[in-house]
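Undergrad: Supplied in structure tokens, the structure appears directly below.
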Amino acid sequence: MARRQIHVSIDRLRGQRDEPAPRPQKLPSDDRACPTCASTFRAEEMRHNLNVCAACGYHWPVGGRERVAQLSDDGAYDELWTELRAADPLRFVDIQPYPRRVEAAEAKGTTEALVCADARIGGRPCVIAVMDFSFLGGSMGSVVGEKFARACERAADRGVPLVTVSASGGARMQEGVLALMQMAKTIVGFEVLRDAGVPVIVVLAHPTTGGVWASFASVGDVTYAEPGALIAFSGPRVIEQTTREKLPEDFGRAESQLSNGHVDAVVDRRELSGRIGRLLGILEQPPPATASLAMSLAQNGTERAARMAQALPSIPRRLRQRVLGGEPPADGGPR
Ligand SMILES: [Zn+2]
């Protein structure tokens, strides 16, 4: 049997050696598996389903701009005050300086933990202010407070509702007491809206905790929450460690806050925009018309009572005088 000659090319071997080893087939990095039911979705499916698991309804976190686009008609909005940047008045350093943390957060594409925009929901104009948990845990610092206050003033000036979505770990510790002051500032913003007769719709997303829950997030005119969202001042783990007591499974969750009366409704994210649009339509009814309707009903009631008083001579004169007006009875009749 003839031997077959084998040609070995060193160059070819070298070339092969330089080539990267074939990688195992891997799913695209934007595929995500549901932490509850392990269903996997492509990025396009996730976008179409507004980052909600189509199998079990688990709600993934949503970035600020993405959320504004989800709520707005046709995803169109005009973002406001993107030029505002956090200062570092305390020169705060933990394991790294505060400005470096802000830079790292900005590198992900958002300028702060609150995104404000002019938009329309259900065809009705409104101002939207959405917190972004991916920016330093959605913490409320001086820029968040300033943008929120400006959003309130803008809504009041334009006479349009404010729609806000909270997702926050609380006040930003790197700004110390300046961050805590934003709690009062946001409440003053709500007072401005109340004086202007402008409604506020608050949507509580996961998680809404600390100084944000203890300020504007808990005082909306209408309050919705997303399913499963943690809504509490302190998280259950912190409370359990402090009190050494076991808390119920559903502690602070949207559903338990609904049963406790802190939330008006738990609304699936896929229904949120439509629900808010319908609500804005109801709230759009001009108050003067409602007031005049109430006045006319009251007036009709008075006139009807007066007619009845005239028709019933047995009614004491003093009472008849009170109803009909005019001079009191001169004969000192029955009282
Ligand atoms: Zn799922």
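Chain identifiers are assigned as A, B, and so on, following the order in which chains appear in the structure tokens; residues are numbered from 1 within each chain, and ligands are numbered from 1 in order of appearance.
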Please identify every polymer residue within 10 Å of ligand 1, using only C-alpha atoms and all ligand atoms, and present the set as a list in words.

TA: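 Selection of residues at most 10 Å from ligand 1: Ala33, Cys34, Pro35, Thr36, Cys37, Ala38, Ser39, Thr40, Phe41, Val52, Cys53, Ala54, Ala55, Cys56, Gly57, Tyr58, His59 and Trp60 of chain A.
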
Undergrad: Among stretch 62-278 of chain A, which residues does DSSP mark as alpha helix (DSSP H) when it is run on the backbone? Keep the chain and numbering as in the structure and answer as a count of residues only.

TA: 83

Undergrad: Going by DSSP on the backbone, which bits of stretch 97-236 of chain A are strand (DSSP E or B)? Write them as number ranges by chain, please.

TA: A: 97, 114-121, 124-131, 140, 162-168, 171, 200-209, 222-225, 230-232

Undergrad: Taking only C-alpha atoms into account, name the residue in A:Leu283, A:Met181, A:Ala171, A:Val143 that is nearest to A:Asp221.

TA: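 Of A:Leu283, A:Met181, A:Ala171, A:Val143, the one nearest A:Asp221 is A:Leu283, counting only C-alpha atoms.
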
Undergrad: Within 8 Å of stretch 275-279 of chain A, counting only C-alpha atoms, which residues qualify if same-chain residues fewer than 5 places away don't, as a PyMOL selection string?

TA: chain A and resi 121-124+201

Undergrad: For A:Glu284, find every residue with an atom within 10 Å (counting only C-alpha atoms), except residues of its own chain fewer than 3 positions away, and show them as a PDB file with all heavy atoms, in the first residue's frame.

TA:
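What landed in out13.pdb:
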```pdb
ATOM      1  N   ARG A 124     -53.141  64.511  25.048  1.00  0.00           N
ATOM      2  CA  ARG A 124     -53.218  65.674  25.937  1.00  0.00           C
ATOM      3  C   ARG A 124     -51.820  66.106  26.378  1.00  0.00           C
ATOM      4  O   ARG A 124     -51.030  65.274  26.806  1.00  0.00           O
ATOM      5  CB  ARG A 124     -54.077  65.334  27.157  1.00  0.00           C
ATOM      6  CG  ARG A 124     -55.519  65.191  26.764  1.00  0.00           C
ATOM      7  CD  ARG A 124     -56.416  64.706  27.821  1.00  0.00           C
ATOM      8  NE  ARG A 124     -57.769  64.691  27.300  1.00  0.00           N
ATOM      9  CZ  ARG A 124     -58.279  63.696  26.586  1.00  0.00           C
ATOM     10  NH1 ARG A 124     -57.557  62.620  26.313  1.00  0.00           N
ATOM     11  NH2 ARG A 124     -59.516  63.757  26.125  1.00  0.00           N
ATOM     12  N   VAL A 160     -50.906  72.515  32.501  1.00  0.00           N
ATOM     13  CA  VAL A 160     -51.035  71.120  32.059  1.00  0.00           C
ATOM     14  C   VAL A 160     -50.615  70.199  33.203  1.00  0.00           C
ATOM     15  O   VAL A 160     -49.835  70.592  34.072  1.00  0.00           O
ATOM     16  CB  VAL A 160     -50.161  70.833  30.817  1.00  0.00           C
ATOM     17  CG1 VAL A 160     -50.596  71.690  29.647  1.00  0.00           C
ATOM     18  CG2 VAL A 160     -48.673  71.020  31.103  1.00  0.00           C
ATOM     19  N   PRO A 161     -51.109  68.959  33.240  1.00  0.00           N
ATOM     20  CA  PRO A 161     -50.784  68.062  34.353  1.00  0.00           C
ATOM     21  C   PRO A 161     -49.306  67.667  34.377  1.00  0.00           C
ATOM     22  O   PRO A 161     -48.632  67.703  33.344  1.00  0.00           O
ATOM     23  CB  PRO A 161     -51.648  66.822  34.086  1.00  0.00           C
ATOM     24  CG  PRO A 161     -52.659  67.247  33.083  1.00  0.00           C
ATOM     25  CD  PRO A 161     -52.052  68.358  32.305  1.00  0.00           C
ATOM     26  N   VAL A 198     -53.541  72.370  39.107  1.00  0.00           N
ATOM     27  CA  VAL A 198     -53.026  71.424  38.110  1.00  0.00           C
ATOM     28  C   VAL A 198     -52.828  70.056  38.784  1.00  0.00           C
ATOM     29  O   VAL A 198     -52.199  69.982  39.839  1.00  0.00           O
ATOM     30  CB  VAL A 198     -51.685  71.953  37.541  1.00  0.00           C
ATOM     31  CG1 VAL A 198     -50.967  70.874  36.758  1.00  0.00           C
ATOM     32  CG2 VAL A 198     -51.936  73.166  36.670  1.00  0.00           C
ATOM     33  N   PRO A 199     -53.361  68.980  38.188  1.00  0.00           N
ATOM     34  CA  PRO A 199     -53.227  67.668  38.834  1.00  0.00           C
ATOM     35  C   PRO A 199     -51.844  67.031  38.639  1.00  0.00           C
ATOM     36  O   PRO A 199     -51.143  67.343  37.683  1.00  0.00           O
ATOM     37  CB  PRO A 199     -54.288  66.818  38.124  1.00  0.00           C
ATOM     38  CG  PRO A 199     -54.467  67.464  36.799  1.00  0.00           C
ATOM     39  CD  PRO A 199     -54.172  68.925  36.971  1.00  0.00           C
ATOM     40  N   ARG A 278     -56.432  58.305  29.620  1.00  0.00           N
ATOM     41  CA  ARG A 278     -57.871  58.399  29.957  1.00  0.00           C
ATOM     42  C   ARG A 278     -58.072  59.262  31.198  1.00  0.00           C
ATOM     43  O   ARG A 278     -58.990  60.074  31.273  1.00  0.00           O
ATOM     44  CB  ARG A 278     -58.451  56.993  30.184  1.00  0.00           C
ATOM     45  CG  ARG A 278     -58.657  56.212  28.899  1.00  0.00           C
ATOM     46  CD  ARG A 278     -59.575  55.024  29.119  1.00  0.00           C
ATOM     47  NE  ARG A 278     -59.008  54.039  30.027  1.00  0.00           N
ATOM     48  CZ  ARG A 278     -58.103  53.125  29.683  1.00  0.00           C
ATOM     49  NH1 ARG A 278     -57.666  53.078  28.436  1.00  0.00           N
ATOM     50  NH2 ARG A 278     -57.631  52.260  30.554  1.00  0.00           N
ATOM     51  N   LEU A 279     -57.183  59.093  32.174  1.00  0.00           N
ATOM     52  CA  LEU A 279     -57.286  59.878  33.407  1.00  0.00           C
ATOM     53  C   LEU A 279     -57.117  61.371  33.121  1.00  0.00           C
ATOM     54  O   LEU A 279     -57.868  62.209  33.643  1.00  0.00           O
ATOM     55  CB  LEU A 279     -56.215  59.397  34.395  1.00  0.00           C
ATOM     56  CG  LEU A 279     -56.166  60.101  35.741  1.00  0.00           C
ATOM     57  CD1 LEU A 279     -57.457  59.897  36.505  1.00  0.00           C
ATOM     58  CD2 LEU A 279     -54.986  59.594  36.563  1.00  0.00           C
ATOM     59  N   LEU A 280     -56.153  61.708  32.267  1.00  0.00           N
ATOM     60  CA  LEU A 280     -55.950  63.125  31.920  1.00  0.00           C
ATOM     61  C   LEU A 280     -57.195  63.684  31.245  1.00  0.00           C
ATOM     62  O   LEU A 280     -57.552  64.843  31.452  1.00  0.00           O
ATOM     63  CB  LEU A 280     -54.733  63.278  30.997  1.00  0.00           C
ATOM     64  CG  LEU A 280     -53.372  62.918  31.589  1.00  0.00           C
ATOM     65  CD1 LEU A 280     -52.252  63.237  30.605  1.00  0.00           C
ATOM     66  CD2 LEU A 280     -53.112  63.641  32.896  1.00  0.00           C
ATOM     67  N   GLY A 281     -57.872  62.849  30.456  1.00  0.00           N
ATOM     68  CA  GLY A 281     -59.121  63.276  29.809  1.00  0.00           C
ATOM     69  C   GLY A 281     -60.188  63.598  30.838  1.00  0.00           C
ATOM     70  O   GLY A 281     -60.919  64.585  30.706  1.00  0.00           O
ATOM     71  N   PRO A 287     -62.852  72.984  35.860  1.00  0.00           N
ATOM     72  CA  PRO A 287     -63.462  73.114  37.180  1.00  0.00           C
ATOM     73  C   PRO A 287     -64.625  74.108  37.237  1.00  0.00           C
ATOM     74  O   PRO A 287     -65.607  73.836  37.908  1.00  0.00           O
ATOM     75  CB  PRO A 287     -62.315  73.572  38.080  1.00  0.00           C
ATOM     76  CG  PRO A 287     -61.081  73.294  37.323  1.00  0.00           C
ATOM     77  CD  PRO A 287     -61.430  73.248  35.870  1.00  0.00           C
TER      78      PRO A 287
END
```

Undergrad: Using only C-alpha atoms for the distances, tell me which of A:Val68, A:Ala86, A:Val127, A:Ala104 is nearest to A:Arg158.

TA: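 Result for the nearest residue to A:Arg158: A:Val127.
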
Undergrad: Go through A:Val163, A:Ile187, A:Leu247, A:Cys152 one by one, measure the shortest atom-to-atom distance of each to A:Val222 using only C-alpha atoms, and give the residue with the smallest value.

TA: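 Under the stated criterion, the closest residue is A:Val163.
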
Undergrad: Might you pull out every residue within 9 Å of A:Leu178, with only C-alpha atoms counted and same-chain residues fewer than 3 positions away left off, and present them as an mmCIF file with N, CA and C atoms, in the first residue's frame?

TA:
```cif
data_model
loop_
_atom_site.group_PDB
_atom_site.id
_atom_site.type_symbol
_atom_site.label_atom_id
_atom_site.label_comp_id
_atom_site.auth_asym_id
_atom_site.auth_seq_id
_atom_site.Cartn_x
_atom_site.Cartn_y
_atom_site.Cartn_z
ATOM 1 N N GLY A 141 -30.486 64.158 44.272
ATOM 2 C CA GLY A 141 -29.539 65.196 44.680
ATOM 3 C C GLY A 141 -30.081 66.563 44.284
ATOM 4 N N SER A 142 -29.195 67.564 44.303
ATOM 5 C CA SER A 142 -29.653 68.935 44.043
ATOM 6 C C SER A 142 -30.132 69.122 42.605
ATOM 7 N N ARG A 172 -29.454 61.407 47.804
ATOM 8 C CA ARG A 172 -28.083 61.085 47.398
ATOM 9 C C ARG A 172 -27.122 61.416 48.524
ATOM 10 N N GLU A 175 -24.307 64.115 48.628
ATOM 11 C CA GLU A 175 -24.602 65.558 48.740
ATOM 12 C C GLU A 175 -25.121 65.921 50.127
ATOM 13 N N MET A 181 -32.539 68.403 51.571
ATOM 14 C CA MET A 181 -33.325 69.621 51.331
ATOM 15 C C MET A 181 -34.203 69.496 50.087
ATOM 16 N N GLN A 182 -33.839 68.611 49.180
ATOM 17 C CA GLN A 182 -34.638 68.451 47.949
ATOM 18 C C GLN A 182 -36.007 67.853 48.256
#
```

Undergrad: Tell me, as a list in words, which residues lie within 10 Å of A:Gly145, counting only C-alpha atoms; anything in the same chain fewer than 5 positions away does not count.

TA: Leu114, Met140, Arg150, Ala151, Leu178, Ala179, Leu180, Met181, Gln182, Met183, Ala184, Lys185, Thr186, Ile187 and Gly189 of chain A

Undergrad: Could you pull the residues within 8 Å of stretch 218-220 of chain A, counting only C-alpha atoms, minus those fewer than 2 positions along the same chain, as a ChimeraX atom specification?

TA: /A:200-202,213-216,222-223,262
